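Next comes input_32.txt, a file with compact mmCIF, C-alpha atoms and all ligand atoms.
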```txt
# COMPACT_ATOMS: atom_id res chain seq x y z
CA MET A 1 -21.82 9.13 9.38
CA LYS A 2 -19.29 7.51 11.68
CA PRO A 3 -15.72 8.46 10.75
CA LEU A 4 -13.96 5.81 8.67
CA ILE A 5 -10.77 6.69 10.53
CA GLN A 6 -10.56 8.32 13.94
CA PHE A 7 -7.36 10.26 14.46
CA ASP A 8 -5.90 10.78 17.91
CA TYR A 9 -2.76 12.93 17.96
CA THR A 10 -2.76 13.70 21.70
CA HIS A 11 0.44 11.84 22.48
CA LEU A 12 2.25 13.27 19.49
CA VAL A 13 1.17 16.90 19.68
CA HIS A 14 2.22 17.44 23.29
CA LYS A 15 5.81 16.48 22.43
CA PHE A 16 6.20 19.79 20.57
CA SER A 17 6.69 23.16 22.26
CA GLU A 18 4.01 25.77 21.59
CA THR A 19 6.31 27.68 19.26
CA GLN A 20 7.11 24.53 17.32
CA LEU A 21 3.43 23.65 17.00
CA HIS A 22 2.55 27.14 15.90
CA SER A 23 5.16 27.06 13.15
CA LEU A 24 4.11 23.53 12.06
CA ILE A 25 0.46 24.58 11.74
CA LYS A 26 1.49 27.57 9.64
CA LYS A 27 3.53 25.27 7.41
CA LYS A 28 0.58 22.90 7.11
CA GLU A 29 -1.61 25.68 5.74
CA ALA A 30 1.07 26.67 3.23
CA VAL A 31 1.37 23.05 2.09
CA ARG A 32 -2.39 22.74 1.69
CA ARG A 33 -2.40 25.81 -0.57
CA ASP A 34 0.62 24.51 -2.50
CA LEU A 35 -1.02 21.17 -3.08
CA LYS A 36 -4.26 22.77 -4.25
CA HIS A 37 -2.29 24.91 -6.65
CA LYS A 38 -0.30 21.95 -8.02
CA LYS A 39 -3.47 19.90 -8.36
CA GLU A 40 -5.16 22.67 -10.32
CA GLY A 41 -2.08 22.86 -12.54
CA GLY A 42 -2.52 19.13 -13.34
CA GLU A 43 0.74 18.13 -11.65
CA ILE A 44 -0.86 15.79 -9.13
CA GLY A 45 -3.21 13.18 -10.52
CA PHE A 46 -3.83 10.75 -7.67
CA VAL A 47 -6.17 13.15 -5.84
CA ASP A 48 -8.70 12.84 -8.68
CA LEU A 49 -8.78 9.04 -8.65
CA PRO A 50 -11.52 8.70 -5.99
CA TYR A 51 -13.79 10.69 -8.33
CA GLN A 52 -13.12 8.70 -11.52
CA GLU A 53 -16.32 8.63 -13.46
CA ASN A 54 -16.79 5.31 -15.03
CA PRO A 55 -14.91 2.33 -13.74
CA SER A 56 -17.40 0.00 -15.50
CA PRO A 57 -15.14 -1.12 -18.41
CA LEU A 58 -12.71 -2.32 -15.77
CA LEU A 59 -15.53 -4.10 -13.90
CA HIS A 60 -16.77 -5.81 -17.08
CA LEU A 61 -13.28 -7.02 -17.84
CA ALA A 62 -12.94 -8.28 -14.27
CA ALA A 63 -16.24 -10.19 -14.58
CA GLU A 64 -15.06 -11.73 -17.86
CA VAL A 65 -11.80 -12.88 -16.28
CA ARG A 66 -13.67 -14.51 -13.42
CA GLN A 67 -15.73 -16.44 -15.95
CA THR A 68 -12.96 -17.59 -18.23
CA SER A 69 -10.21 -18.30 -15.70
CA GLU A 70 -9.54 -19.58 -12.25
CA THR A 71 -6.32 -17.60 -11.71
CA LEU A 72 -5.32 -14.02 -12.41
CA LEU A 73 -1.55 -13.82 -12.61
CA VAL A 74 -0.47 -10.26 -11.88
CA ILE A 75 3.05 -9.45 -13.07
CA GLY A 76 4.56 -6.18 -11.86
CA ILE A 77 6.81 -4.76 -9.17
CA GLY A 78 6.87 -1.95 -6.59
CA GLY A 79 4.07 0.56 -6.91
CA SER A 80 2.52 -1.52 -9.67
CA VAL A 81 1.46 -4.30 -7.33
CA LEU A 82 1.92 -3.44 -3.66
CA GLY A 83 -1.48 -1.72 -3.30
CA ALA A 84 -3.50 -4.53 -4.85
CA LYS A 85 -1.57 -7.12 -2.86
CA ALA A 86 -2.30 -5.22 0.35
CA ALA A 87 -6.02 -4.83 -0.37
CA ILE A 88 -6.56 -8.40 -1.54
CA SER A 89 -4.72 -9.94 1.38
CA ALA A 90 -6.69 -7.72 3.78
CA LEU A 91 -10.16 -8.20 2.34
CA ALA A 92 -10.56 -11.01 -0.21
CA LYS A 93 -12.90 -13.60 1.24
CA ASN A 94 -13.54 -15.97 -1.64
CA LYS A 95 -10.25 -17.76 -2.02
CA LYS A 96 -11.62 -20.05 -4.79
CA PHE A 97 -10.50 -17.61 -7.47
CA LYS A 98 -6.74 -17.27 -7.16
CA ILE A 99 -4.89 -13.99 -7.57
CA VAL A 100 -1.18 -14.66 -7.80
CA PHE A 101 1.46 -11.93 -7.85
CA MET A 102 4.81 -12.46 -9.53
CA GLU A 103 7.26 -9.67 -8.81
CA ASN A 104 10.78 -10.96 -8.41
CA PRO A 105 12.71 -12.65 -11.23
CA ASN A 106 13.61 -15.53 -8.94
CA PRO A 107 13.90 -18.78 -10.92
CA ASP A 108 13.11 -21.04 -7.97
CA SER A 109 9.94 -19.13 -7.07
CA LEU A 110 8.90 -19.16 -10.69
CA TYR A 111 9.53 -22.89 -10.98
CA ARG A 112 7.35 -23.43 -7.92
CA LEU A 113 4.63 -21.26 -9.41
CA PHE A 114 4.60 -23.33 -12.60
CA GLN A 115 3.61 -26.34 -10.46
CA GLU A 116 0.90 -24.37 -8.66
CA ILE A 117 -1.11 -22.76 -11.43
CA ASP A 118 -2.85 -24.17 -14.45
CA LEU A 119 -1.95 -21.86 -17.32
CA LYS A 120 -4.92 -23.15 -19.31
CA LYS A 121 -7.16 -21.45 -16.75
CA THR A 122 -5.06 -18.33 -16.24
CA THR A 123 -5.30 -14.72 -17.41
CA ILE A 124 -2.27 -12.46 -17.14
CA ASN A 125 -2.40 -8.83 -16.04
CA VAL A 126 1.00 -7.31 -16.75
CA ILE A 127 1.37 -3.94 -15.03
CA SER A 128 4.12 -1.43 -15.71
CA LYS A 129 3.66 2.30 -15.92
CA SER A 130 6.91 2.88 -17.78
CA GLY A 131 6.44 -0.32 -19.77
CA SER A 132 10.14 -0.99 -19.52
CA THR A 133 10.81 -2.49 -16.10
CA LEU A 134 13.03 -5.47 -16.72
CA GLU A 135 11.80 -7.68 -13.85
CA THR A 136 8.24 -7.32 -15.11
CA LEU A 137 9.01 -7.73 -18.78
CA SER A 138 11.30 -10.73 -18.36
CA LEU A 139 8.68 -12.60 -16.31
CA PHE A 140 5.97 -11.64 -18.77
CA PHE A 141 7.99 -12.90 -21.75
CA ILE A 142 8.43 -16.27 -20.05
CA PHE A 143 4.69 -16.64 -19.44
CA TYR A 144 3.81 -15.32 -22.88
CA GLU A 145 5.86 -18.01 -24.60
CA ARG A 146 4.32 -20.73 -22.41
CA MET A 147 0.79 -19.47 -23.04
CA LYS A 148 1.43 -19.21 -26.77
CA LYS A 149 1.94 -22.96 -26.81
CA ILE A 150 -1.42 -23.54 -25.12
CA PHE A 151 -3.79 -21.03 -26.71
CA SER A 152 -4.76 -20.13 -30.25
CA ALA A 153 -3.70 -16.63 -31.33
CA LYS A 154 -7.32 -15.47 -30.89
CA GLU A 155 -7.68 -16.89 -27.38
CA LEU A 156 -4.26 -15.65 -26.32
CA LYS A 157 -5.35 -12.09 -27.03
CA LYS A 158 -8.09 -12.50 -24.44
CA ARG A 159 -5.68 -13.90 -21.87
CA ILE A 160 -3.37 -10.90 -21.67
CA ILE A 161 -4.37 -7.58 -20.14
CA VAL A 162 -1.83 -4.79 -20.04
CA THR A 163 -1.95 -1.92 -17.53
CA SER A 164 0.32 0.95 -18.50
CA GLU A 165 0.44 4.65 -19.31
CA THR A 166 -1.21 5.87 -22.50
CA THR A 167 1.93 7.15 -24.21
CA PRO A 168 3.96 4.75 -26.35
CA ASN A 169 6.48 2.69 -24.41
CA PRO A 170 7.95 -0.79 -25.02
CA LEU A 171 4.97 -2.56 -23.41
CA THR A 172 2.18 -0.49 -24.98
CA THR A 173 3.92 -0.82 -28.35
CA LEU A 174 3.78 -4.61 -28.00
CA ALA A 175 0.16 -4.39 -26.83
CA LYS A 176 -0.75 -2.46 -29.95
CA GLN A 177 1.09 -4.85 -32.22
CA PHE A 178 -0.51 -7.98 -30.70
CA GLU A 179 -3.89 -6.36 -29.93
CA TRP A 180 -3.84 -7.04 -26.20
CA ARG A 181 -6.42 -5.20 -24.18
CA CYS A 182 -5.12 -2.26 -22.17
CA LEU A 183 -6.08 -0.49 -18.96
CA THR A 184 -4.50 2.88 -18.43
CA ILE A 185 -2.65 4.78 -15.73
CA PRO A 186 -3.01 8.57 -15.91
CA LEU A 187 0.29 10.21 -16.81
CA ASN A 188 0.26 12.40 -13.71
CA VAL A 189 -0.13 9.46 -11.30
CA SER A 190 3.16 7.88 -10.29
CA GLY A 191 3.49 4.16 -9.52
CA ARG A 192 3.23 4.17 -5.75
CA PHE A 193 0.28 6.58 -5.84
CA SER A 194 -1.65 4.43 -8.33
CA VAL A 195 -3.46 1.99 -6.07
CA LEU A 196 -6.82 3.64 -6.76
CA SER A 197 -6.28 3.60 -10.54
CA SER A 198 -6.76 0.51 -12.70
CA VAL A 199 -3.34 -0.62 -11.45
CA GLY A 200 -4.85 -1.58 -8.10
CA LEU A 201 -8.56 -1.62 -8.88
CA PHE A 202 -8.52 -4.24 -11.63
CA PRO A 203 -6.91 -7.07 -9.60
CA MET A 204 -9.06 -6.05 -6.64
CA ALA A 205 -12.24 -6.23 -8.76
CA VAL A 206 -11.23 -9.67 -10.03
CA ALA A 207 -10.72 -10.71 -6.40
CA GLY A 208 -14.33 -9.68 -5.71
CA LEU A 209 -13.67 -6.49 -3.73
CA SER A 210 -16.15 -3.65 -4.06
CA ILE A 211 -14.46 -0.90 -6.07
CA ALA A 212 -17.37 1.45 -5.43
CA LYS A 213 -16.87 1.13 -1.68
CA LEU A 214 -13.10 1.57 -1.89
CA LEU A 215 -13.51 4.76 -3.89
CA ALA A 216 -16.26 5.97 -1.53
CA GLY A 217 -13.84 5.49 1.38
CA ALA A 218 -11.17 7.49 -0.45
CA ARG A 219 -13.71 10.26 -1.16
CA TRP A 220 -14.58 10.40 2.53
CA MET A 221 -10.88 10.90 3.26
CA HIS A 222 -10.66 13.55 0.58
CA ASP A 223 -13.41 15.47 2.42
CA GLU A 224 -11.45 15.04 5.66
CA GLN A 225 -8.11 15.86 4.04
CA ARG A 226 -7.14 18.30 6.80
CA GLU A 227 -6.44 15.27 8.98
CA SER A 228 -3.99 13.91 6.41
CA TYR A 229 -2.20 17.24 6.05
CA LEU A 230 -1.97 17.42 9.80
CA TYR A 231 -0.56 13.87 9.96
CA GLY A 232 2.00 14.65 7.24
CA THR A 233 2.98 17.86 9.02
CA LEU A 234 3.36 16.21 12.42
CA ALA A 235 5.34 13.38 10.80
CA TYR A 236 7.66 15.97 9.31
CA GLY A 237 7.89 17.67 12.73
CA ALA A 238 8.58 14.36 14.49
CA HIS A 239 11.54 13.84 12.17
CA GLN A 240 12.93 17.36 11.93
CA LEU A 241 12.17 18.76 15.39
CA LEU A 242 11.88 15.73 17.67
CA LYS A 243 14.69 13.94 15.79
CA LYS A 244 12.66 10.77 15.36
CA SER A 245 14.17 9.46 12.16
CA THR A 246 12.05 6.27 11.99
CA THR A 247 8.32 6.22 11.36
CA VAL A 248 6.78 3.02 12.71
CA ILE A 249 3.36 1.94 11.49
CA PHE A 250 1.83 -0.58 13.87
CA PRO A 251 -1.49 -2.15 12.80
CA TYR A 252 -3.08 -4.48 15.33
CA ASP A 253 -4.37 -6.78 12.62
CA GLU A 254 -2.14 -9.04 10.56
CA ARG A 255 -4.53 -8.62 7.62
CA LEU A 256 -2.85 -5.20 7.32
CA SER A 257 0.65 -6.65 7.15
CA LEU A 258 0.99 -6.06 3.40
CA PHE A 259 -0.59 -2.65 3.87
CA GLY A 260 2.46 -2.00 6.07
CA ASP A 261 4.69 -2.94 3.11
CA TRP A 262 2.72 -0.61 0.84
CA PHE A 263 3.20 2.17 3.43
CA CYS A 264 6.96 1.50 3.70
CA GLN A 265 7.33 1.86 -0.06
CA ILE A 266 5.34 5.06 -0.43
CA TRP A 267 7.08 6.65 2.56
CA ALA A 268 10.61 5.63 1.58
CA GLU A 269 10.49 6.07 -2.17
CA SER A 270 8.60 9.36 -1.99
CA LEU A 271 10.35 11.11 0.87
CA ALA A 272 13.99 10.01 0.78
CA LYS A 273 15.48 12.52 -1.61
CA SER A 274 18.32 13.96 0.48
CA GLU A 275 20.30 13.42 3.69
CA LEU A 276 17.71 15.46 5.53
CA SER A 277 14.47 14.28 4.02
CA GLY A 278 14.40 10.52 4.45
CA PRO A 279 12.44 9.31 7.46
CA THR A 280 12.92 5.52 7.62
CA PRO A 281 9.62 3.62 7.49
CA MET A 282 9.13 0.47 9.52
CA LYS A 283 6.18 -1.82 10.01
CA ALA A 284 5.25 -3.80 13.08
CA ILE A 285 2.21 -6.02 13.50
CA GLY A 286 0.29 -6.37 16.74
CA ALA A 287 0.21 -8.51 18.71
CA LEU A 288 2.91 -10.54 16.91
CA ASP A 289 5.64 -7.94 17.28
CA GLN A 290 5.05 -7.56 21.01
CA HIS A 291 7.09 -10.76 21.03
CA SER A 292 9.74 -9.38 18.71
CA LEU A 293 10.21 -5.68 17.96
CA LEU A 294 8.58 -4.21 21.07
CA GLN A 295 11.71 -4.75 23.16
CA LEU A 296 13.63 -2.64 20.63
CA PHE A 297 10.89 -0.01 20.64
CA LEU A 298 10.81 0.34 24.42
CA GLU A 299 14.42 -0.01 25.48
CA GLY A 300 16.37 0.48 22.26
CA PRO A 301 17.37 3.80 20.64
CA GLY A 302 14.66 6.43 21.03
CA ASN A 303 14.78 7.45 17.35
CA LYS A 304 11.23 6.36 16.46
CA TRP A 305 7.68 7.61 16.56
CA TYR A 306 4.64 5.38 16.23
CA THR A 307 1.26 5.15 14.55
CA THR A 308 -0.95 2.33 15.77
CA ILE A 309 -3.92 1.24 13.69
CA GLY A 310 -6.72 -0.46 15.58
CA ILE A 311 -9.92 -2.19 14.48
CA GLU A 312 -12.91 -1.55 16.75
CA HIS A 313 -15.13 -4.36 15.50
CA PHE A 314 -14.01 -7.54 13.82
CA ASP A 315 -16.37 -9.29 11.37
CA THR A 316 -16.61 -12.22 13.74
CA ASP A 317 -15.57 -12.79 17.31
CA ILE A 318 -14.68 -15.94 19.12
CA LYS A 319 -15.17 -16.39 22.84
CA ILE A 320 -12.77 -18.29 25.04
CA PRO A 321 -14.95 -21.29 25.94
CA LYS A 322 -15.78 -22.42 29.44
CA THR A 323 -13.13 -24.99 30.15
CA SER A 324 -11.44 -26.58 33.13
CA LEU A 325 -8.12 -25.62 31.49
CA ILE A 326 -8.73 -21.97 32.33
CA LYS A 327 -8.41 -22.33 36.12
CA ASN A 328 -5.06 -20.52 36.38
CA PHE A 329 -6.00 -17.82 33.89
CA PRO A 330 -8.93 -16.01 35.56
CA TYR A 331 -8.50 -12.92 33.33
CA LEU A 332 -9.35 -15.04 30.28
CA LYS A 333 -12.78 -16.04 31.65
CA ASN A 334 -15.71 -14.63 29.66
CA THR A 335 -13.42 -12.92 27.26
CA SER A 336 -13.05 -13.06 23.49
CA LEU A 337 -10.18 -12.90 21.00
CA SER A 338 -11.04 -9.37 19.87
CA GLU A 339 -11.04 -8.20 23.51
CA ILE A 340 -7.63 -9.79 24.02
CA LEU A 341 -6.15 -8.23 20.86
CA ASN A 342 -7.52 -4.78 21.69
CA ALA A 343 -6.29 -5.07 25.29
CA GLU A 344 -2.84 -5.90 23.94
CA LYS A 345 -2.98 -2.86 21.67
CA THR A 346 -3.91 -0.55 24.55
CA ALA A 347 -1.17 -2.10 26.69
CA THR A 348 1.41 -1.43 23.96
CA GLU A 349 0.19 2.14 23.55
CA LYS A 350 0.44 2.72 27.30
CA SER A 351 3.95 1.27 27.34
CA LEU A 352 5.06 3.40 24.38
CA ILE A 353 3.73 6.51 26.12
CA GLU A 354 5.32 5.59 29.47
CA TYR A 355 8.65 5.17 27.69
CA HIS A 356 8.19 8.74 26.32
CA ASN A 357 7.57 7.85 22.69
CA PRO A 358 5.45 10.06 20.42
CA LEU A 359 2.33 8.17 19.39
CA CYS A 360 -0.54 8.74 16.99
CA ARG A 361 -3.56 6.42 17.07
CA LEU A 362 -5.73 5.64 14.07
CA THR A 363 -8.89 3.67 14.75
CA LEU A 364 -11.07 2.05 12.08
CA PRO A 365 -14.62 0.97 12.96
CA SER A 366 -13.94 -2.26 11.04
CA LEU A 367 -11.70 -3.51 8.26
CA SER A 368 -13.66 -3.00 5.04
CA GLU A 369 -13.31 -1.65 1.53
CA GLU A 370 -14.43 1.78 2.77
CA THR A 371 -11.93 1.98 5.61
CA LEU A 372 -9.09 0.61 3.48
CA GLY A 373 -9.89 3.11 0.70
CA ALA A 374 -9.73 5.88 3.31
CA LEU A 375 -6.47 4.52 4.71
CA PHE A 376 -4.76 4.35 1.30
CA PHE A 377 -5.84 7.86 0.45
CA HIS A 378 -4.86 9.21 3.86
CA PHE A 379 -1.28 7.99 3.54
CA GLU A 380 -1.03 9.21 -0.06
CA LEU A 381 -2.07 12.72 1.01
CA ALA A 382 0.07 12.66 4.14
CA THR A 383 3.14 11.54 2.15
CA THR A 384 2.57 14.32 -0.37
CA ALA A 385 2.19 16.92 2.40
CA ALA A 386 5.36 15.72 4.14
CA GLY A 387 7.19 15.78 0.79
CA TYR A 388 6.32 19.42 0.21
CA LEU A 389 7.42 20.30 3.73
CA TYR A 390 10.79 18.70 3.03
CA GLN A 391 10.77 20.72 -0.21
CA ILE A 392 11.37 17.66 -2.35
CA ASN A 393 9.48 16.07 -5.21
CA PRO A 394 7.58 13.12 -3.67
CA PHE A 395 6.60 11.70 -7.06
CA ASN A 396 9.93 10.86 -8.66
CA GLN A 397 12.50 8.17 -7.78
CA PRO A 398 15.86 9.09 -9.34
CA ALA A 399 17.84 6.63 -7.22
CA VAL A 400 15.57 3.74 -8.18
CA ASP A 401 16.01 4.68 -11.83
CA HIS A 402 19.78 4.78 -11.26
CA GLY A 403 19.70 1.15 -10.06
CA LYS A 404 17.59 0.16 -13.09
CA GLU A 405 20.20 1.69 -15.41
CA TRP A 406 23.08 -0.20 -13.76
CA THR A 407 21.26 -3.49 -14.14
CA LYS A 408 20.66 -2.84 -17.83
CA LYS A 409 24.33 -1.99 -18.34
CA LEU A 410 25.37 -5.19 -16.58
CA LEU A 411 23.03 -7.28 -18.68
CA HIS A 412 24.29 -5.57 -21.84
CA LYS A 413 27.76 -6.64 -20.62
CA LYS A 414 28.85 -3.03 -20.96
CA ILE A 415 30.32 -3.16 -17.48
CA SER A 416 31.69 -6.01 -15.40
CA ALA A 417 30.56 -7.26 -12.01
CA LEU A 418 32.15 -5.77 -8.89
O1 LIG B 501 6.44 3.65 -7.18
C1 LIG B 501 7.11 3.63 -8.18
O2 LIG B 501 7.11 4.55 -9.03
C2 LIG B 501 8.00 2.44 -8.47
O3 LIG B 501 8.03 1.59 -7.37
C3 LIG B 501 7.46 1.68 -9.67
O4 LIG B 501 6.13 1.31 -9.43
C4 LIG B 501 8.29 0.43 -9.96
O5 LIG B 501 9.64 0.78 -10.14
C5 LIG B 501 7.78 -0.27 -11.20
O6 LIG B 501 7.80 0.61 -12.28
P1 LIG B 501 6.87 0.39 -13.54
O7 LIG B 501 5.45 0.49 -13.09
O8 LIG B 501 7.24 1.46 -14.48
O9 LIG B 501 7.18 -0.97 -14.07
```
Just give me the structure of the file as structure tokens.
Amino acid sequence: MKPLIQFDYTHLVHKFSETQLHSLIKKKEAVRRDLKHKKEGGEIGFVDLPYQENPSPLLHLAAEVRQTSETLLVIGIGGSVLGAKAAISALAKNKKFKIVFMENPNPDSLYRLFQEIDLKKTTINVISKSGSTLETLSLFFIFYERMKKIFSAKELKKRIIVTSETTPNPLTTLAKQFEWRCLTIPLNVSGRFSVLSSVGLFPMAVAGLSIAKLLAGARWMHDEQRESYLYGTLAYGAHQLLKKSTTVIFPYDERLSLFGDWFCQIWAESLAKSELSGPTPMKAIGALDQHSLLQLFLEGPGNKWYTTIGIEHFDTDIKIPKTSLIKNFPYLKNTSLSEILNAEKTATEKSLIEYHNPLCRLTLPSLSEETLGALFFHFELATTAAGYLYQINPFNQPAVDHGKEWTKKLLHKKISAL
């Protein structure tokens, strides 16, 4: 079987001295053992998700929603939605069924959304692991009241699907009281590692993506997990030894733009737990950012290392036609858009190398459910490995929780504004 991701570390590895590499490889082995141990102890749940046994209840529910509605409104924030958003924007082909994400409690955006969707043909999927996130709950309450005016109590029950943890929390308590259907998030899977649980899979299934293929891709990556540990270890080394404090992910396909956002969240929220452990994530999109960020990358501060993601074969290709307009552009003759994009990627890689930047190259044979499943799982494993090397807990987010508490206090009017 052709690899779903090809990893090329050549231009990253040779930046380290032999002693540094030797010590990094030793650390990688220790991390692999640590992770295995923690997994066996039930501390890490996301690694089991590719092997979940029966996603069919979720698929049946998805089929029902497609029949009864024309829009799935997904309400959630952060790890509760970024994965599904990334996958759907990368792969969903049938745009007739709308999947709309509402994350931010922004009144103007919400007002606009009211004009865009027909609530009579909408099902809501409200996603919150803790069941208490105020952005999510406040938006949900607004939609609930509007839908209550449209649907009978019996029909309304069918129009609300809750995704949350199994233990009682404010959202699951409401779900029980009003008999809304629930999908669950395993307790040992934290928000940003939940894309392959019903958090991500349900909206993806409604969008028509193949869940079986996504999970198969993740299983392939699980079999190749050494690559992810190596990536996480070299990322840690790039930060700690090469002093590259910014990790740039650089897909040459704008369909992976939201995947870049998903990566930024998992990298930042998981790894930044002290002065020393927070590599700053950044996304760039090729070829667009050749006309924006590349100048910074090549001649600005040398505090970054890069991972490009390339697509070997696009689903379609479009040739530059024979035209009299082409006279002054001989290099465009007999070429196609995919050739141009891939030439631009290689040119950027060559420039990054010439300007002495560490570079890792990931190549996907095509952009598909399988390769995206592998990509999600790769970065989840790599983030975990890097987290253990920094000796921090990659699965909590105390500073995010701190911000949540302040907001609640402000809204309770227990404290005043600055
Ligand atoms: O990754 C995380 O854990 C966070 O980004 C959460 O997903 C986010 O804060 C939303 O939390 P919840 O799912 O509890 O509503």
Find the smallest box with edges along x, y and z containing every listed atom of stretch 216-229 of chain A, then add 3 Å on each side and report centre and edge lengths in Å to one decimal, as AutoDock Vina command-line options.
```
--center_x -9.2 --center_y 11.9 --center_z 3.7 --size_x 20.1 --size_y 18.8 --size_z 16.5
```
Distance query 12 Å from (-15.1, 11.9, 1.0) using only C-alpha atoms, result as an NGL selection string: :A and (1 or 3-5 or 47-51 or 213-226 or 370-371 or 373-375 or 377-378)
Have a look at atom CA of A:Ile44 and atom C1 of ligand LIG 501 (chain B) and let me know their distance in Å, one decimal. 14.6 Å
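Minimum atom-to-atom distances from A:Leu288, A:Leu59, A:Ala386, A:Ala86 to A:Leu258 were compared using only C-alpha atoms, and the lowest value belongs to A:Ala86.
The residues sitting within 6 Å of ligand LIG 501 (chain B), with all atoms listed in the file considered, come out as Ile77, Gly78, Gly79, Ser80, Ser128, Lys129, Ser130, Gly131, Thr133, Ser190, Gly191 and Arg192 of chain A.
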Surrounding residues of A:Gln397 excluding itself and chain neighbours under 4 positions, 8 Å, only C-alpha atoms, as a PyMOL selection string: chain A and resi 269-270+401
Which residues, written as JSON, numbers by chain, have at least one atom at most 10 Å from A:Thr163, with only C-alpha atoms counted and residues fewer than 5 positions away on the same chain left out? {"A": [76, 80, 125, 126, 127, 128, 129, 131, 171, 172, 175, 181, 182, 183, 184, 185, 197, 198, 199, 200, 202]}
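The shortest atom-to-atom distance to A:Leu389, with all atoms listed in the file taken into account, belongs to A:Lys27 out of A:Lys39, A:Lys327, A:Lys27, A:Lys15.
With only C-alpha atoms as the atoms that count, the minimum distance from A:Ile311 to the choices A:Thr407, A:Gln52, A:Thr346, A:Thr280 is reached by A:Thr346.
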When you draw a straight line from atom CA of A:Ile75 to atom CA of A:Pro105, how long is it in Å? 10.3 Å
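When all atoms listed in the file are used to measure the gap to A:Thr383, the shortest distance among A:Thr233, A:Asn357, A:Ser138, A:Gln115 belongs to A:Thr233.
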Identify, on the basis of only C-alpha atoms, every residue whose closest approach to A:Pro281 does not exceed 12 Å; exclude the query and any residue fewer than 2 positions from it along the same chain; express the result as a PyMOL selection string. chain A and resi 235+239+244-250+260-272+278-279+283-284+303-307+383
Between A:Ala347, A:Ala385, A:Leu372, A:Ile124, which residue has the minimum interatomic distance to A:Val195, considering all atoms listed in the file? A:Leu372
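Proximity of A:Leu187, A:Ala153, A:Leu234, A:Leu381 to A:Thr167, computed with all atoms listed in the file, is greatest for A:Leu187.
Around the point (-0.3, -10.3, 10.7), within 8 Å and counting only C-alpha atoms, we find these residues: Tyr252, Asp253, Glu254, Arg255, Leu256, Ser257, Ile285, Gly286 and Leu288 of chain A.
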Using the selection just defined, write its residues with C-alpha atoms as a compact mmCIF listing (two decimals), in the frame of the given file.
```txt
# COMPACT_ATOMS: atom_id res chain seq x y z
CA TYR A 252 -3.08 -4.48 15.33
CA ASP A 253 -4.37 -6.78 12.62
CA GLU A 254 -2.14 -9.04 10.56
CA ARG A 255 -4.53 -8.62 7.62
CA LEU A 256 -2.85 -5.20 7.32
CA SER A 257 0.65 -6.65 7.15
CA ILE A 285 2.21 -6.02 13.50
CA GLY A 286 0.29 -6.37 16.74
CA LEU A 288 2.91 -10.54 16.91
```
Can you list, as a PyMOL selection string, every protein, DNA or RNA residue that comes within 8 Å of A:Thr122 when you count all atoms listed in the file, leaving out same-chain residues fewer than 5 positions away? chain A and resi 69-73+117+159
Determine, counting only C-alpha atoms, which protein, DNA and RNA residues have an atom within 12 Å of an atom of stretch 95-97 of chain A; residues of the same chain fewer than 6 positions away are not included. Present the result as an NGL selection string. :A and (62-63 or 65-73 or 88-89 or 117 or 121-123 or 203-209)
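The gap separating atom CA of A:Leu196 from atom CA of A:Ile99 is 17.8 Å, in Å to one decimal.
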